[in-house]
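The structure appears right after this line, and notes come after that.
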Amino acid sequence: MRRLVADKDFLAGTLYMTFGFLGLWLGRGLEAGSAEAMGAGYFPRLICALLVIVGAALAALSAVRAGQCIERGKLRPFALVTLSCLAFALLLYPLGLVLTLVVSIVLACLADASSRIRAVQLILLCLILIGANVGIFVVGLRIAIPLWPAAF
Amino acid sequence: MPDILANIIMGFGVALTWQNIGLCFFGCLVGTAIGVLPGIGPLTTMALLLPVTFWLSPVGALIMLSGVFYGAQYGGSTTAILVKIPGETSSVVTVLDGYAMAQRGRAGPALAIAAIGSLFAGSVVTLLIAVAGPPLASIALLFHSADYVAVMLLGLVSAVVLAHGSALKAVAMIVLGVLLGLVGTDVSTGEYRLTMGIDVLFDGIGFVPLSMGLFGLAEIMVNLESGNTAEMHAKPVTGLWPTLADLKQSFAAMVRGTAVGAAFGILPGGGPTIAAFSAYSLEKRVSRSPERFGRGAIEGVAAPESANNAAAQACFIPMLSLGIPPNALMALMIGAMMVHGITPGPEIIAKQPTLFWGLIASMWVGNVMLVILNLPLIGIWVKLLQVPYAYLFPSILILCCIGTFTLSSSSGDVIVMTVFGVIGYAFRKLDCEPAPLLLGLVLGPMLEENFRRAMVLSDGDWSVFVRRPISLVFLLLAAGLLAAVMLPNIRRGREEAFRE
């Protein structure tokens, strides 16, 4: 049983089924209508049902034939890359572009477990990336991004 | 024929303006760079550049993006030959003979043949687009909505047949893509669908945040996890020019490679990677001395390198003449057109002649630029390989965030991107190739609209799909393909083609 649960195909099938059921549940209020007068829910239901069927087939097949087990992932790169992007999204308006970039870059560099990047190099990387991005997007393309915290 | 000539001249008029030459050069330069760098591919890069294209003319935007795409095919071969690391998946087979040649001190001729083969293939296929595009488009104008549904199904089915790995996973990935494409406002009823009440999703899931998350972020996570980030060192290249014997030996291989590449490029779901694999195995089969392959046979470089470039350019045929993307990269090009308010479809060639012919002419210009960029300047690209990943990945990550943000100046899109980064990572861990999802995402809304219209016109009669001859032909083709992939020996052949 434990083998099956860690099987790549089984997990993938389950994931697809989850998306299918999620779609069905989210679209439960949409009117289906009929084939000649389709409502907003007709096609989504069709697609979700198909996704559930394909996902179920994938999971069922994995129970019959021996597949590969999923390898153990590492939490650090995954979590810190995610965190770095979230930090960018959530901090940009309160902090402004410059400080947000510093936070995101530092978080990103921490994601690399093997790196022996030194403080001087990190500061240099921050300066270059801030310069390049402010130059391209704010000065060059004139996108309205606040540079500094709103209070200043 | 004189028509085509006049049109091509008009195209050059568009492509040879200073601005468009500049954009073409920029695209090719970026394409070569990311082709050389293993961690980042044309799909991510084109997605990254999408926001920048808002400020360009539609032709300029397409010229630049396509330059990135075929430029990457050139760049990918450089690293394959010099350091045994394919910069792109499409140059995986080039490693076999290209690196063997480099080991024997013949890196220069290998690089030169790769570039010459690419130029040859690029020029031939560009001509093919010019000749085949307009008639195809005029046939496509006869299509009704039922026929469109059938042709899209055919496209999706062959995407499954040609996809990497498990066919069932590819089906699921496409269906999931179609489902994600339905999120947002329903065009026919104006209702919000599957949005969970989140306002960034009211206009649908954006193409850019999705592809940056799924490809850009997930790639970074996987690369960091595997520790596959060490620097590479290449021996300096001496003596660039191939001998006359080399050229003679590889000419037939280039022609065959170009033909194989063009065929796989037009085929929905095909693309440079499978084209290169097929060209290599064909070359090995027709060779009088197959034992030389893998030990530095120059045909083994010429054939796949011509094929991948031919395929990269032949993909444009269905995209430009039918408005149907044959693969994820072309789906992105369609996205770029829609950003500029151009509806992809068979009308483009007639209604926007400067766009179509300008883009075609720019491909010739770009291919010539690429040969210059890649041969005399090879030293620069080798240096680029030595940029440590520790500096590269934070830069890519920041570019993904800020690029997504600029789309609609909303942090919401950045969060959507992050969510798809997490999903993309899960897919990678589960061996699910996410590229077919993008195809589904773009085709989904088109598929629904045409399906709905076909059913309304037929009063809900499903037999409309088999009663219309055009639609019937496409459906039979799709069924035939599906049946073929189920047959055990073809399935084995397909697996072999990917393993080799």
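In the structure tokens, chains take letters A, B, ... by order of appearance, with residues numbered from 1 within each chain and ligands from 1 in the order shown.
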
Output the contact residues of chain A with respect to chain B at a cut-off of 8 Å, based on only C-alpha atoms, as number ranges by chain.
A: 8-9, 11-12, 16, 19-20, 23, 26-27, 30, 34-40, 43-44, 47-48, 50-51, 54-55, 58, 70-71, 73-74, 77-78, 81-82, 85-86, 88-90, 92, 101, 104-105, 108-109, 111-115, 117, 125, 129, 133, 141, 143-145

Which residues in region 120-257 of chain B does DSSP call alpha helix (DSSP H)? List them as an NGL selection string.
:B and (120-140 or 145-162 or 167-182 or 207-211 or 218-226 or 244-257)

Env of Ser62 (chain A): 8 Å cut, atoms = only C-alpha atoms, seq-sep filter 4 positions within chain, self excluded. Answer as a PDB file with C-alpha atoms, in the first residue's frame.
```pdb
ATOM      1  CA  LEU A   4       1.206   2.646  -4.272  1.00  0.00           C
ATOM      2  CA  ASP A   7       3.916   5.939  -6.961  1.00  0.00           C
ATOM      3  CA  ASP A   9       1.510   7.846 -11.679  1.00  0.00           C
ATOM      4  CA  PHE A  10      -0.849   7.216  -8.796  1.00  0.00           C
ATOM      5  CA  LEU A  58      -3.999   6.875 -14.591  1.00  0.00           C
ATOM      6  CA  ALA A  66       4.774  -1.184 -11.055  1.00  0.00           C
ATOM      7  CA  GLY A  67       5.874   2.398 -11.582  1.00  0.00           C
TER       8      GLY A  67
END
```

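The gap separating CA of Leu443 (chain B) from CA of Thr89 (chain B) is 24.4 Å, in Å to one decimal.
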
DSSP on the backbone, then: every residue of region 112-248 of chain B marked strand (DSSP E), written as JSON, numbers by chain.
{"B": [184, 185, 192, 193]}

I want to know what sits within 10 Å of region 122-136 of chain B, based on only C-alpha atoms, with residues of the same chain fewer than 4 positions away left out; could you give that as a ChimeraX atom specification?
/B:1,4-5,7-8,70,116-118,140-141,255,258-259,261-262,265,306-322,346-350,356-357,359-368

When you look at Ile380 (chain B) with a cut-off of 12 Å (counting only C-alpha atoms), what residues show up, excluding the ones that are within fewer than 3 positions of it in the same chain? I need them as JSON, numbers by chain.
{"B": [29, 32, 33, 36, 75, 78, 234, 236, 237, 373, 374, 375, 376, 377, 383, 384, 385, 386, 387]}

List as a short mmCIF file (atom, residue, chain, number, x, y, z; two decimals) with C-alpha atoms, in the first residue's frame the protein and nucleic acid residues near Arg285 (chain B), meaning an atom at most 12 Å away when only C-alpha atoms are counted, but skip any in the same chain fewer than 6 places from it.
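The result, stored in selection.cif:
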```cif
data_model
loop_
_atom_site.label_atom_id
_atom_site.label_comp_id
_atom_site.auth_asym_id
_atom_site.auth_seq_id
_atom_site.Cartn_x
_atom_site.Cartn_y
_atom_site.Cartn_z
CA ALA B 253 22.08 14.99 -44.45
CA ARG B 256 17.00 15.08 -45.37
CA SER B 278 13.85 11.51 -35.98
CA ALA B 279 16.35 13.10 -38.36
CA GLU B 291 29.05 2.46 -37.13
CA ARG B 292 30.64 5.93 -37.41
CA PHE B 293 27.64 7.48 -35.68
CA GLU B 299 26.15 13.87 -40.70
CA GLY B 300 25.13 13.22 -37.11
#
```

Within 7 Å of Ile130 (chain A) using only C-alpha atoms, minus same-chain residues under 4 positions, as number ranges by chain:
A: 98, 101, 126, 134

Could you save those same residues with C-alpha atoms as a PDB file, in the first residue's frame?
```pdb
ATOM      1  CA  VAL A  98      13.966  49.043  -4.118  1.00  0.00           C
ATOM      2  CA  LEU A 101      13.947  43.712  -4.505  1.00  0.00           C
ATOM      3  CA  CYS A 126      21.439  43.520  -5.357  1.00  0.00           C
ATOM      4  CA  VAL A 134      14.666  50.312 -12.227  1.00  0.00           C
TER       5      VAL A 134
END
```

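CA of Ala61 (chain B) is positioned 20.3 Å from CA of Val138 (chain A).
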